[in-house]
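Here's run.tsv, which has TSV, C-alpha atoms:
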chain	number	residue	atom	x	y	z
A	1	MET	CA	-14.49	-0.05	-2.61
A	2	ILE	CA	-18.09	-1.31	-2.40
A	3	SER	CA	-20.55	0.11	0.11
A	4	LEU	CA	-22.25	-2.70	2.03
A	5	ASP	CA	-25.73	-2.65	3.50
A	6	PRO	CA	-25.37	-2.50	7.31
A	7	PHE	CA	-27.24	-5.79	7.80
A	8	VAL	CA	-25.10	-7.49	5.15
A	9	ALA	CA	-21.96	-6.07	6.76
A	10	LEU	CA	-23.06	-7.39	10.17
A	11	ALA	CA	-23.77	-10.83	8.72
A	12	VAL	CA	-20.33	-10.88	7.04
A	13	PHE	CA	-18.65	-9.81	10.29
A	14	VAL	CA	-20.42	-12.52	12.31
A	15	PHE	CA	-19.56	-15.12	9.66
A	16	GLY	CA	-15.90	-14.06	9.74
A	17	ALA	CA	-15.78	-14.16	13.55
A	18	ALA	CA	-17.25	-17.69	13.53
A	19	ILE	CA	-14.59	-18.82	11.05
A	20	GLY	CA	-11.99	-17.15	13.27
A	21	SER	CA	-13.21	-19.24	16.20
A	22	PHE	CA	-12.62	-22.36	14.12
A	23	LEU	CA	-9.18	-21.09	13.08
A	24	ASN	CA	-8.21	-20.91	16.75
A	25	VAL	CA	-8.89	-24.65	16.99
A	26	VAL	CA	-6.80	-25.29	13.87
A	27	ILE	CA	-3.93	-23.14	15.18
A	28	LEU	CA	-3.92	-25.05	18.48
A	29	ARG	CA	-4.31	-28.59	17.18
A	30	LEU	CA	-2.78	-28.75	13.68
A	31	PRO	CA	0.86	-28.74	14.90
A	32	GLN	CA	0.10	-31.57	17.34
A	33	PRO	CA	0.94	-34.97	15.77
A	34	GLY	CA	-2.18	-37.08	15.34
A	35	ALA	CA	-4.55	-34.42	16.71
A	36	SER	CA	-7.92	-33.91	15.02
A	37	ILE	CA	-9.29	-30.43	14.33
A	38	VAL	CA	-12.82	-31.83	14.63
A	39	PHE	CA	-12.78	-34.23	17.61
A	40	PRO	CA	-13.05	-33.78	20.50
A	41	GLY	CA	-15.25	-30.70	20.65
A	42	SER	CA	-14.07	-27.35	21.95
A	43	HIS	CA	-12.71	-27.61	25.47
A	44	CYS	CA	-10.56	-25.68	27.91
A	45	PRO	CA	-6.87	-26.48	27.27
A	46	HIS	CA	-6.21	-26.28	31.03
A	47	CYS	CA	-9.00	-28.24	32.75
A	48	LYS	CA	-10.16	-30.09	29.58
A	49	HIS	CA	-13.83	-29.30	30.42
A	50	ARG	CA	-15.98	-29.31	27.31
A	51	LEU	CA	-17.29	-25.85	26.49
A	52	ARG	CA	-21.00	-25.15	26.19
A	53	TRP	CA	-22.28	-23.13	23.25
A	54	ARG	CA	-22.58	-20.00	25.37
A	55	ASP	CA	-18.94	-20.36	26.41
A	56	ASN	CA	-17.84	-20.39	22.79
A	57	ILE	CA	-19.55	-17.36	21.19
A	58	PRO	CA	-16.90	-15.54	19.13
A	59	LEU	CA	-15.66	-12.35	20.83
A	60	LEU	CA	-18.66	-12.09	23.17
A	61	SER	CA	-17.79	-15.09	25.36
A	62	PHE	CA	-14.29	-13.74	26.00
A	63	ILE	CA	-15.77	-10.40	27.09
A	64	MET	CA	-18.55	-11.90	29.22
A	65	LEU	CA	-16.19	-14.33	30.95
A	66	ARG	CA	-13.57	-11.57	31.37
A	67	GLY	CA	-10.94	-13.60	29.59
A	68	ARG	CA	-11.16	-16.64	31.87
A	69	CYS	CA	-12.39	-20.22	31.60
A	70	ALA	CA	-15.96	-20.58	32.88
A	71	TYR	CA	-14.99	-23.70	34.85
A	72	CYS	CA	-11.42	-23.52	36.16
A	73	ARG	CA	-11.04	-19.72	35.82
A	74	ALA	CA	-7.68	-20.11	34.09
A	75	PRO	CA	-6.83	-17.11	31.88
A	76	VAL	CA	-7.72	-17.44	28.21
A	77	SER	CA	-5.09	-16.28	25.74
A	78	PHE	CA	-5.76	-12.97	23.99
A	79	GLN	CA	-4.95	-14.82	20.80
A	80	TYR	CA	-8.53	-16.11	20.70
A	81	PRO	CA	-10.38	-12.78	20.43
A	82	VAL	CA	-7.60	-11.28	18.29
A	83	VAL	CA	-7.87	-14.07	15.71
A	84	GLU	CA	-11.68	-13.88	15.75
A	85	ALA	CA	-11.71	-10.09	15.34
A	86	LEU	CA	-9.00	-10.14	12.66
A	87	THR	CA	-10.80	-12.83	10.64
A	88	ALA	CA	-14.09	-10.92	10.93
A	89	LEU	CA	-12.43	-7.73	9.67
A	90	LEU	CA	-10.78	-9.62	6.80
A	91	ALA	CA	-14.20	-10.98	5.80
A	92	LEU	CA	-15.54	-7.42	5.75
A	93	ALA	CA	-12.53	-6.18	3.79
A	94	ASN	CA	-12.95	-8.84	1.12
A	95	ALA	CA	-16.68	-8.08	0.81
A	96	ALA	CA	-15.91	-4.35	0.54
A	97	VAL	CA	-13.32	-4.90	-2.20
A	98	PHE	CA	-14.92	-7.71	-4.21
A	99	GLY	CA	-18.60	-7.49	-3.21
A	100	ILE	CA	-20.65	-10.49	-2.14
A	101	SER	CA	-19.16	-12.79	-4.73
A	102	VAL	CA	-17.20	-15.96	-5.40
A	103	ALA	CA	-14.06	-13.80	-5.57
A	104	ALA	CA	-14.68	-12.43	-2.07
A	105	LEU	CA	-15.23	-15.94	-0.70
A	106	GLY	CA	-12.12	-17.31	-2.41
A	107	TYR	CA	-9.88	-14.54	-1.18
A	108	PHE	CA	-11.39	-14.80	2.29
A	109	VAL	CA	-10.37	-18.48	2.35
A	110	PHE	CA	-6.91	-17.31	1.28
A	111	CYS	CA	-6.79	-14.76	4.12
A	112	ALA	CA	-8.03	-17.32	6.65
A	113	ALA	CA	-5.18	-19.63	5.61
A	114	LEU	CA	-2.70	-16.77	6.07
A	115	VAL	CA	-4.04	-15.97	9.55
A	116	THR	CA	-3.58	-19.62	10.51
A	117	ILE	CA	-0.04	-19.68	9.10
A	118	ILE	CA	0.90	-16.48	10.96
A	119	TRP	CA	0.04	-17.86	14.39
A	120	ILE	CA	1.40	-21.37	13.83
A	121	ASP	CA	4.67	-19.94	12.53
A	122	ILE	CA	4.91	-17.56	15.50
A	123	HIS	CA	4.35	-20.37	18.02
A	124	HIS	CA	6.20	-23.24	16.34
A	125	GLN	CA	8.28	-21.69	13.53
A	126	ILE	CA	6.76	-24.05	10.99
A	127	ILE	CA	4.45	-23.54	8.03
A	128	PRO	CA	2.37	-26.72	7.65
A	129	ASP	CA	2.52	-28.31	4.20
A	130	VAL	CA	-1.11	-29.29	4.69
A	131	ILE	CA	-1.97	-25.60	4.22
A	132	SER	CA	0.62	-24.34	1.73
A	133	LEU	CA	0.68	-27.22	-0.76
A	134	PRO	CA	-3.12	-27.47	-1.25
A	135	GLY	CA	-3.07	-23.66	-1.20
A	136	ILE	CA	-0.89	-23.61	-4.32
A	137	GLY	CA	-3.33	-25.87	-6.14
A	138	PHE	CA	-6.37	-23.96	-4.93
A	139	GLY	CA	-4.77	-20.68	-5.99
A	140	LEU	CA	-4.14	-22.00	-9.49
A	141	LEU	CA	-7.73	-23.24	-9.82
A	142	PHE	CA	-9.15	-20.05	-8.30
A	143	SER	CA	-7.33	-17.96	-10.92
A	144	PHE	CA	-9.95	-19.06	-13.48
A	145	VAL	CA	-12.63	-17.05	-11.62
A	146	SER	CA	-10.43	-14.45	-9.93
A	147	PRO	CA	-10.85	-10.83	-11.05
A	148	LEU	CA	-7.31	-10.09	-9.90
A	149	VAL	CA	-5.18	-12.52	-11.94
A	150	THR	CA	-5.33	-14.72	-15.03
A	151	TRP	CA	-4.37	-18.35	-14.90
A	152	GLN	CA	-1.12	-17.45	-16.69
A	153	ASP	CA	-0.30	-14.84	-14.00
A	154	SER	CA	-1.10	-17.39	-11.32
A	155	LEU	CA	1.04	-20.15	-12.85
A	156	ILE	CA	4.00	-17.83	-13.37
A	157	GLY	CA	3.54	-16.47	-9.85
A	158	ALA	CA	3.65	-19.95	-8.31
A	159	VAL	CA	6.72	-21.00	-10.30
A	160	VAL	CA	8.62	-17.74	-9.80
A	161	GLY	CA	7.62	-17.52	-6.13
A	162	PHE	CA	8.98	-21.00	-5.49
A	163	GLY	CA	12.07	-20.42	-7.62
A	164	ILE	CA	13.10	-17.11	-6.01
A	165	PHE	CA	13.13	-18.36	-2.44
A	166	TYR	CA	14.51	-21.77	-3.38
A	167	ALA	CA	17.46	-20.08	-5.09
A	168	ILE	CA	18.03	-17.77	-2.12
A	169	SER	CA	17.80	-20.66	0.34
A	170	LEU	CA	20.19	-22.80	-1.71
A	171	ALA	CA	22.71	-19.97	-2.09
A	172	TYR	CA	22.60	-19.25	1.66
A	173	TYR	CA	23.13	-22.91	2.45
A	174	LEU	CA	26.11	-23.17	0.08
A	175	LEU	CA	27.69	-20.02	1.56
A	176	ARG	CA	26.95	-20.53	5.27
A	177	GLY	CA	26.51	-24.29	5.57
A	178	HIS	CA	23.02	-24.12	7.11
A	179	ASP	CA	19.52	-23.10	6.08
A	180	GLY	CA	18.60	-19.41	6.09
A	181	LEU	CA	15.05	-19.84	4.84
A	182	GLY	CA	12.88	-22.80	5.71
A	183	GLY	CA	11.23	-24.94	3.07
A	184	GLY	CA	7.90	-23.71	4.40
A	185	ASP	CA	8.73	-20.14	3.34
A	186	VAL	CA	9.54	-21.35	-0.18
A	187	LYS	CA	6.20	-23.13	-0.54
A	188	LEU	CA	4.34	-20.23	1.08
A	189	LEU	CA	5.68	-17.74	-1.48
A	190	ALA	CA	4.60	-20.13	-4.24
A	191	MET	CA	1.11	-20.13	-2.73
A	192	LEU	CA	1.08	-16.32	-2.56
A	193	GLY	CA	2.18	-16.12	-6.19
A	194	ALA	CA	-0.57	-18.53	-7.21
A	195	PHE	CA	-3.28	-16.41	-5.57
A	196	LEU	CA	-1.94	-12.94	-6.34
A	197	GLY	CA	0.10	-13.42	-9.51
A	198	TYR	CA	3.74	-12.79	-10.28
A	199	LYS	CA	3.31	-8.99	-10.22
A	200	SER	CA	2.66	-9.13	-6.49
A	201	LEU	CA	5.93	-10.87	-5.61
A	202	LEU	CA	8.23	-7.84	-5.77
A	203	PHE	CA	6.00	-5.91	-3.37
A	204	ILE	CA	5.54	-8.87	-1.01
A	205	ILE	CA	9.29	-9.59	-0.86
A	206	PHE	CA	10.14	-5.91	-0.34
A	207	VAL	CA	7.59	-5.39	2.45
A	208	SER	CA	8.37	-8.67	4.20
A	209	SER	CA	12.13	-8.11	3.99
A	210	PHE	CA	11.84	-4.55	5.31
A	211	THR	CA	9.52	-5.39	8.20
A	212	GLY	CA	11.35	-8.65	8.91
A	213	THR	CA	14.68	-6.82	9.13
A	214	ILE	CA	13.27	-4.32	11.63
A	215	ALA	CA	11.80	-7.15	13.72
A	216	GLY	CA	15.05	-9.09	13.48
A	217	LEU	CA	17.11	-6.15	14.73
A	218	TRP	CA	14.69	-5.70	17.62
A	219	ALA	CA	14.87	-9.42	18.43
A	220	MET	CA	18.69	-9.34	18.34
A	221	ARG	CA	18.66	-6.47	20.82
A	222	THR	CA	16.17	-8.08	23.21
A	223	GLN	CA	17.29	-11.72	22.94
A	224	LYS	CA	21.01	-10.82	22.94
A	225	LEU	CA	21.86	-13.80	20.73
A	226	GLY	CA	23.51	-11.83	17.93
A	227	GLY	CA	23.66	-13.75	14.65
A	228	ARG	CA	22.03	-16.79	16.27
A	229	THR	CA	18.73	-14.92	16.61
A	230	ARG	CA	15.89	-16.68	14.81
A	231	ILE	CA	12.49	-15.21	13.98
A	232	PRO	CA	9.78	-16.72	11.75
A	233	PHE	CA	9.61	-15.07	8.32
A	234	GLY	CA	6.20	-16.45	7.32
A	235	PRO	CA	4.15	-13.82	9.19
A	236	PHE	CA	5.90	-11.00	7.32
A	237	LEU	CA	5.21	-12.68	3.97
A	238	CYS	CA	1.55	-13.08	4.94
A	239	VAL	CA	1.18	-9.44	5.98
A	240	GLY	CA	2.78	-8.30	2.72
A	241	ALA	CA	0.39	-10.51	0.76
A	242	MET	CA	-2.70	-9.14	2.53
A	243	LEU	CA	-1.53	-5.56	2.01
A	244	TYR	CA	-1.17	-6.26	-1.71
A	245	LEU	CA	-4.57	-7.95	-1.86
A	246	PHE	CA	-6.43	-4.95	-0.47
A	247	LEU	CA	-4.22	-2.19	-1.89
A	248	HIS	CA	-3.29	-3.73	-5.24
A	249	THR	CA	-4.93	-0.97	-7.29
A	250	ARG	CA	-2.95	1.78	-5.58
A	251	ILE	CA	0.26	-0.28	-5.53
A	252	ASP	CA	0.01	-1.00	-9.28
A	253	ALA	CA	-0.75	2.66	-10.00
A	254	LEU	CA	2.28	3.75	-7.96
A	255	TRP	CA	4.45	1.19	-9.73
A	256	HIS	CA	3.35	2.44	-13.20
A	257	TRP	CA	3.97	6.03	-12.11
A	258	TYR	CA	7.48	5.10	-11.00
A	259	ILE	CA	8.24	3.28	-14.27
A	260	ASN	CA	6.97	6.23	-16.32
A	261	LEU	CA	9.08	8.57	-14.21
A	262	LEU	CA	12.20	6.58	-14.99
A	263	ALA	CA	11.31	6.50	-18.67
Kindly present the structure from the file in structure tokens form.
Amino acid sequence: MISLDPFVALAVFVFGAAIGSFLNVVILRLPQPGASIVFPGSHCPHCKHRLRWRDNIPLLSFIMLRGRCAYCRAPVSFQYPVVEALTALLALANAAVFGISVAALGYFVFCAALVTIIWIDIHHQIIPDVISLPGIGFGLLFSFVSPLVTWQDSLIGAVVGFGIFYAISLAYYLLRGHDGLGGGDVKLLAMLGAFLGYKSLLFIIFVSSFTGTIAGLWAMRTQKLGGRTRIPFGPFLCVGAMLYLFLHTRIDALWHWYINLLA
């Protein structure tokens, strides 16, 4: 863990919050067919009034406007400040782990993509190919400068990540006659393997399966749909990946301790 100068830390936090503000636009517009994430400019989704710069300051505008549109006074979703705060904290976390470096920037881009995937999957139960497929390629290229993985680890991670979930999805389809995992989950795990290497996959699958099972049981109880209950699995994969990214040293040490204990 690297100690950051307070002014540097503040600058990183503000930068992350600003990116989070942009991610909110992507989350809202990317699932809409034909919508642009650039045009038109930021506007209220209720009254369509274009927002002024002071209405669009990350975190602060939500607080100053008390969570309402400055023009029509419609309530603003808490998703906006949550995404901005989360992205700002992820920027700080990457800087604290990797320093102010290319690695920190690359893994922050990775985290920003995961934040976007989490919210789109929650709202629409889809993982856009426009994020995951370029993400696989970017992860493979990034491995050449990453301090976490080699290009061999990255390539194996992408192939194994895709293969594991594809095999599970195919087996489920052959047994049950319908899809259990979406194709988006398969491509997402390939992207995670490309960025974090094949050694991360066991941890990511374990954590996502454990947390996803708990959430699924809760959803079955509240929705009362039994086996027809459906919850998005992408967010659990993303959370597992971010946990591995920031705790990989301790996770690897624990894994080696466990292997030595068995030996």
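Note that atom CA of Tyr244 of chain A and atom CA of Phe210 of chain A are 14.9 Å apart.
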Could you tell me how far atom CA of Ile122 of chain A lies from atom CA of Gly234 of chain A, in Å and to one decimal? 8.4 Å
Excluding segment 136-150 of chain A and its own-chain neighbours fewer than 4 positions away, which residues fall within 10 Å of it when counting all atoms listed in the file? Please give them as a PDB file with C-alpha atoms, in the coordinates of the input.
ATOM      1  CA  PHE A  98     -14.920  -7.710  -4.210  1.00  0.00           C
ATOM      2  CA  VAL A 102     -17.200 -15.960  -5.400  1.00  0.00           C
ATOM      3  CA  ALA A 103     -14.060 -13.800  -5.570  1.00  0.00           C
ATOM      4  CA  ALA A 104     -14.680 -12.430  -2.070  1.00  0.00           C
ATOM      5  CA  GLY A 106     -12.120 -17.310  -2.410  1.00  0.00           C
ATOM      6  CA  TYR A 107      -9.880 -14.540  -1.180  1.00  0.00           C
ATOM      7  CA  VAL A 109     -10.370 -18.480   2.350  1.00  0.00           C
ATOM      8  CA  PHE A 110      -6.910 -17.310   1.280  1.00  0.00           C
ATOM      9  CA  ILE A 131      -1.970 -25.600   4.220  1.00  0.00           C
ATOM     10  CA  SER A 132       0.620 -24.340   1.730  1.00  0.00           C
ATOM     11  CA  SER A 154      -1.100 -17.390 -11.320  1.00  0.00           C
ATOM     12  CA  LEU A 155       1.040 -20.150 -12.850  1.00  0.00           C
ATOM     13  CA  ILE A 156       4.000 -17.830 -13.370  1.00  0.00           C
ATOM     14  CA  GLY A 157       3.540 -16.470  -9.850  1.00  0.00           C
ATOM     15  CA  ALA A 158       3.650 -19.950  -8.310  1.00  0.00           C
ATOM     16  CA  LYS A 187       6.200 -23.130  -0.540  1.00  0.00           C
ATOM     17  CA  LEU A 188       4.340 -20.230   1.080  1.00  0.00           C
ATOM     18  CA  LEU A 189       5.680 -17.740  -1.480  1.00  0.00           C
ATOM     19  CA  ALA A 190       4.600 -20.130  -4.240  1.00  0.00           C
ATOM     20  CA  MET A 191       1.110 -20.130  -2.730  1.00  0.00           C
ATOM     21  CA  LEU A 192       1.080 -16.320  -2.560  1.00  0.00           C
ATOM     22  CA  GLY A 193       2.180 -16.120  -6.190  1.00  0.00           C
ATOM     23  CA  ALA A 194      -0.570 -18.530  -7.210  1.00  0.00           C
ATOM     24  CA  PHE A 195      -3.280 -16.410  -5.570  1.00  0.00           C
ATOM     25  CA  LEU A 196      -1.940 -12.940  -6.340  1.00  0.00           C
ATOM     26  CA  GLY A 197       0.100 -13.420  -9.510  1.00  0.00           C
ATOM     27  CA  TYR A 198       3.740 -12.790 -10.280  1.00  0.00           C
ATOM     28  CA  LYS A 199       3.310  -8.990 -10.220  1.00  0.00           C
ATOM     29  CA  LEU A 245      -4.570  -7.950  -1.860  1.00  0.00           C
ATOM     30  CA  HIS A 248      -3.290  -3.730  -5.240  1.00  0.00           C
ATOM     31  CA  THR A 249      -4.930  -0.970  -7.290  1.00  0.00           C
TER      32      THR A 249
END
Contacts of Cys69 of chain A at 10 Å (all atoms listed in the file; same-chain gap of 3+ positions) as an MDAnalysis selection string: chainID A and resid 43:47 49 51 55 61:62 65:66 72:76
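The nearest approach to Ser200 of chain A among the residues A:Leu175, A:Ile251, A:Ala167, A:Val83, with only C-alpha atoms taken into account, belongs to A:Ile251.
Of the listed residues A:Ile205, A:Ile37, A:Ile100, A:Ala11, the one whose atoms come nearest to Gly161 of chain A is A:Ile205, with distances taken using all atoms listed in the file.
Each of A:Val207, A:Met220, A:Cys238, A:Ala171 was compared to Asp185 of chain A using only C-alpha atoms, and A:Cys238 turns out to be the nearest.
Counting from atom CA of Ala96 of chain A, the distance to atom CA of Phe22 of chain A is 22.8 Å.
Nearest-residue note for His123 of chain A: choosing from A:Ile231, A:Arg50, A:Ile63, A:Phe162, the minimum distance belongs to A:Ile231, counting only C-alpha atoms.
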Contact residues around Gly20 of chain A with all atoms listed in the file at 9 Å, ignoring same-chain residues under 3 positions, as a list of chain:residue names: A:Phe15, A:Gly16, A:Ala17, A:Leu23, A:Asn24, A:Val25, A:Pro58, A:Tyr80, A:Pro81, A:Val82, A:Val83, A:Glu84, A:Ala85, A:Leu86, A:Thr87, A:Ala88, A:Ala112, A:Val115
Go through A:Leu92, A:Val239, A:Ala113, A:Ile204 and flag the residue nearest Leu133 of chain A, using all atoms listed in the file for the distances. A:Ala113
